[in-house]
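*Asks:* Here it is: the structure, laid out below.
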Amino acid sequence: QVQLVESGGGLVQAGGSLGLSCIVSGSILRVNVMSWYRQAPGKQRELVASITRGAVTKYADSVKGRFTISRDNVKDTVYLQMNSLKPEDTAVYYCNANVGLADYWGQGTQVTVSS
């Protein structure tokens with residue numbers, strides 16, 4: 001069983017920055033892939049960024065060059081640094097952990113970008 005606790009959401013003006021954190025219960029080294037997803041009102045949940053155990057990263061085209069995903073295996077934490085935020089980045093952001101065939105989700109944290 002893996003539990004994820006997110007933090008760091010909030011309200012920011014367009015062009016600003018926010019950082020999200022996701023603490024993984026137990027060892028993050030058990031997790032194959034850590035990801036951040038987001039879901040805006042009326043839209044499907046979408047993958048924002050992912051990072052493998054070997055630190056290989058992948059980003060949605062819409063956030064490339066603006067967002068950075070990273071992980072700290074000592075602190076069992078994955079981060080999402082979001083820069084140059086746009087109103088269309090407004091969504092609930094969810095942390096996801098893939099362990100074997102199972103997926104685990106955090107409770108979500110709201111990010112609101114005002115224009």
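To be explicit about the labels: the chains of the structure tokens are called A, B, and onward in the order shown, and within each one the residues are counted from 1, while ligands get numbers from 1 in the order they are shown.
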Quick one: residues within 12 Å of region 3-9 of chain A, only C-alpha atoms, excluding same-chain residues fewer than 2 positions away - as a ChimeraX atom specification?
*Replies:* /A:1,11-12,17-28,31,34-38,76-82,89-99,103-113
*Asks:* If you run DSSP over the backbone, which residues in chain A end up strand (DSSP E)? Put them as a compact mmCIF listing (two decimals) with N, CA and C atoms, in the first residue's frame.
*Replies:*
# COMPACT_ATOMS: atom_id res chain seq x y z
N LEU A 4 -0.13 8.86 -0.66
CA LEU A 4 0.47 10.07 -1.21
C LEU A 4 -0.20 11.30 -0.59
N VAL A 5 0.61 12.25 -0.18
CA VAL A 5 0.09 13.48 0.40
C VAL A 5 0.69 14.66 -0.35
N GLU A 6 -0.20 15.43 -0.99
CA GLU A 6 0.26 16.57 -1.79
C GLU A 6 0.16 17.85 -0.98
N SER A 7 0.97 18.81 -1.38
CA SER A 7 0.89 20.14 -0.80
C SER A 7 1.45 21.15 -1.78
N GLY A 10 -2.33 26.63 -4.67
CA GLY A 10 -2.75 27.95 -4.24
C GLY A 10 -3.15 28.82 -5.41
N LEU A 11 -3.22 30.10 -5.12
CA LEU A 11 -3.62 31.10 -6.12
C LEU A 11 -2.40 31.92 -6.51
N VAL A 12 -2.22 32.10 -7.81
CA VAL A 12 -1.08 32.86 -8.30
C VAL A 12 -1.50 33.62 -9.55
N GLN A 13 -0.87 34.73 -9.79
CA GLN A 13 -1.15 35.50 -11.01
C GLN A 13 -0.44 34.88 -12.20
N LEU A 18 4.67 28.38 -8.85
CA LEU A 18 4.24 27.59 -7.70
C LEU A 18 5.00 26.29 -7.70
N GLY A 19 5.20 25.73 -6.51
CA GLY A 19 5.83 24.43 -6.40
C GLY A 19 4.92 23.48 -5.66
N LEU A 20 4.76 22.28 -6.19
CA LEU A 20 3.97 21.25 -5.55
C LEU A 20 4.89 20.17 -5.02
N SER A 21 4.47 19.56 -3.92
CA SER A 21 5.22 18.44 -3.34
C SER A 21 4.27 17.28 -3.11
N CYS A 22 4.81 16.09 -3.20
CA CYS A 22 4.04 14.87 -2.93
C CYS A 22 4.93 13.93 -2.13
N ILE A 23 4.52 13.70 -0.90
CA ILE A 23 5.27 12.79 -0.04
C ILE A 23 4.70 11.39 -0.19
N VAL A 24 5.58 10.44 -0.39
CA VAL A 24 5.20 9.05 -0.60
C VAL A 24 5.44 8.27 0.69
N VAL A 33 7.11 4.63 -11.42
CA VAL A 33 6.95 5.94 -12.06
C VAL A 33 6.11 6.82 -11.15
N MET A 34 6.58 8.03 -10.93
CA MET A 34 5.81 9.05 -10.22
C MET A 34 5.32 10.06 -11.26
N SER A 35 4.09 10.47 -11.10
CA SER A 35 3.53 11.39 -12.10
C SER A 35 2.69 12.45 -11.42
N TRP A 36 2.54 13.54 -12.13
CA TRP A 36 1.56 14.57 -11.77
C TRP A 36 0.53 14.62 -12.90
N TYR A 37 -0.73 14.59 -12.50
CA TYR A 37 -1.85 14.76 -13.41
C TYR A 37 -2.61 16.02 -12.99
N ARG A 38 -3.45 16.49 -13.87
CA ARG A 38 -4.33 17.59 -13.50
C ARG A 38 -5.70 17.41 -14.16
N GLN A 39 -6.68 17.99 -13.51
CA GLN A 39 -8.04 17.94 -14.04
C GLN A 39 -8.70 19.28 -13.85
N GLU A 46 -5.55 14.74 -17.14
CA GLU A 46 -4.47 14.61 -18.11
C GLU A 46 -3.12 14.53 -17.42
N LEU A 47 -2.22 13.82 -18.07
CA LEU A 47 -0.86 13.69 -17.55
C LEU A 47 -0.11 14.99 -17.79
N VAL A 48 0.53 15.49 -16.74
CA VAL A 48 1.32 16.71 -16.83
C VAL A 48 2.80 16.37 -16.97
N ALA A 49 3.29 15.50 -16.09
CA ALA A 49 4.71 15.15 -16.11
C ALA A 49 4.89 13.85 -15.36
N SER A 50 5.93 13.12 -15.72
CA SER A 50 6.25 11.88 -15.02
C SER A 50 7.76 11.73 -14.90
N ILE A 51 8.16 10.93 -13.92
CA ILE A 51 9.58 10.66 -13.70
C ILE A 51 9.73 9.22 -13.25
N THR A 52 10.65 8.51 -13.88
CA THR A 52 10.86 7.11 -13.54
C THR A 52 11.82 6.98 -12.36
N THR A 57 12.44 11.72 -17.40
CA THR A 57 11.25 12.56 -17.29
C THR A 57 10.50 12.67 -18.62
N LYS A 58 9.21 12.95 -18.48
CA LYS A 58 8.36 13.16 -19.65
C LYS A 58 7.38 14.27 -19.29
N TYR A 59 7.07 15.12 -20.29
CA TYR A 59 6.18 16.25 -20.05
C TYR A 59 5.11 16.34 -21.13
N PHE A 67 7.45 23.67 -16.71
CA PHE A 67 7.32 22.84 -15.51
C PHE A 67 8.53 21.90 -15.43
N THR A 68 8.90 21.59 -14.19
CA THR A 68 9.98 20.65 -13.96
C THR A 68 9.57 19.67 -12.88
N ILE A 69 9.66 18.38 -13.19
CA ILE A 69 9.39 17.35 -12.21
C ILE A 69 10.72 16.80 -11.69
N SER A 70 10.76 16.53 -10.40
CA SER A 70 11.97 15.97 -9.81
C SER A 70 11.58 15.09 -8.63
N ARG A 71 12.50 14.27 -8.19
CA ARG A 71 12.22 13.42 -7.05
C ARG A 71 13.44 13.38 -6.14
N ASP A 72 13.17 13.23 -4.86
CA ASP A 72 14.19 13.10 -3.84
C ASP A 72 13.99 11.75 -3.17
N THR A 77 9.98 12.03 -1.76
CA THR A 77 9.15 13.14 -2.22
C THR A 77 9.36 13.38 -3.71
N VAL A 78 8.28 13.71 -4.39
CA VAL A 78 8.36 14.15 -5.77
C VAL A 78 7.84 15.58 -5.83
N TYR A 79 8.44 16.37 -6.69
CA TYR A 79 8.13 17.79 -6.78
C TYR A 79 7.68 18.14 -8.19
N LEU A 80 6.91 19.20 -8.27
CA LEU A 80 6.57 19.79 -9.56
C LEU A 80 6.75 21.29 -9.42
N GLN A 81 7.77 21.81 -10.07
CA GLN A 81 8.00 23.25 -10.08
C GLN A 81 7.33 23.81 -11.32
N MET A 82 6.45 24.77 -11.11
CA MET A 82 5.67 25.34 -12.21
C MET A 82 6.00 26.82 -12.35
N ALA A 91 -6.32 24.06 -12.38
CA ALA A 91 -6.84 22.69 -12.27
C ALA A 91 -6.56 22.16 -10.87
N VAL A 92 -7.13 21.01 -10.60
CA VAL A 92 -6.71 20.25 -9.43
C VAL A 92 -5.58 19.33 -9.88
N TYR A 93 -4.48 19.39 -9.18
CA TYR A 93 -3.30 18.60 -9.53
C TYR A 93 -3.21 17.40 -8.60
N TYR A 94 -3.00 16.23 -9.20
CA TYR A 94 -2.95 14.97 -8.46
C TYR A 94 -1.59 14.32 -8.64
N CYS A 95 -1.10 13.79 -7.56
CA CYS A 95 0.12 12.98 -7.57
C CYS A 95 -0.28 11.53 -7.81
N ASN A 96 0.50 10.84 -8.60
CA ASN A 96 0.22 9.43 -8.92
C ASN A 96 1.48 8.61 -8.77
N ALA A 97 1.33 7.42 -8.19
CA ALA A 97 2.46 6.50 -8.04
C ALA A 97 2.10 5.17 -8.68
N ASN A 98 2.96 4.71 -9.56
CA ASN A 98 2.77 3.40 -10.19
C ASN A 98 3.70 2.41 -9.53
N VAL A 99 3.11 1.38 -8.91
CA VAL A 99 3.87 0.34 -8.24
C VAL A 99 3.40 -1.00 -8.82
N ALA A 102 -0.30 -1.61 -9.93
CA ALA A 102 -1.22 -0.77 -9.16
C ALA A 102 -0.88 0.70 -9.32
N ASP A 103 -1.93 1.51 -9.31
CA ASP A 103 -1.78 2.96 -9.32
C ASP A 103 -2.38 3.53 -8.05
N TYR A 104 -1.68 4.48 -7.47
CA TYR A 104 -2.15 5.14 -6.26
C TYR A 104 -2.23 6.63 -6.53
N TRP A 105 -3.22 7.27 -5.87
CA TRP A 105 -3.48 8.70 -6.12
C TRP A 105 -3.50 9.48 -4.82
N THR A 109 -4.58 18.80 -5.14
CA THR A 109 -4.36 20.14 -4.61
C THR A 109 -4.72 21.15 -5.70
N GLN A 110 -5.47 22.18 -5.30
CA GLN A 110 -5.98 23.14 -6.28
C GLN A 110 -4.90 24.15 -6.65
N VAL A 111 -4.75 24.37 -7.95
CA VAL A 111 -3.90 25.44 -8.47
C VAL A 111 -4.79 26.36 -9.29
N THR A 112 -4.80 27.63 -8.93
CA THR A 112 -5.60 28.61 -9.65
C THR A 112 -4.70 29.74 -10.13
N VAL A 113 -4.75 30.00 -11.43
CA VAL A 113 -3.93 31.04 -12.02
C VAL A 113 -4.86 32.14 -12.54
N SER A 114 -4.71 33.31 -11.98
CA SER A 114 -5.57 34.43 -12.39
C SER A 114 -4.91 35.22 -13.51
*Asks:* Distance CA of Val74 (chain A)-CA of Leu29 (chain A), one decimal place?
*Replies:*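 Distance between the two atoms: 9.2 Å.
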*Asks:* How far is it from CA of Asn73 (chain A) to CA of Ala60 (chain A), in Å with one decimal?
*Replies:*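 Calculated distance between CA of Asn73 (chain A) and CA of Ala60 (chain A) is 23.4 Å.
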*Asks:* Can you check which residues of chain A DSSP gives as helix (DSSP H, G or I) on the backbone and send them as a list in words?
*Replies:*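 Taking chain A and keeping helix (DSSP H, G or I) gives Ile28, Leu29, Arg30, Pro87, Glu88 and Asp89 of chain A.
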*Asks:* Please measure the separation of CA of Asp61 (chain A) and CA of Ser84 (chain A), giving the value in Å to one decimal.
*Replies:*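 A separation of 14.4 Å between them.
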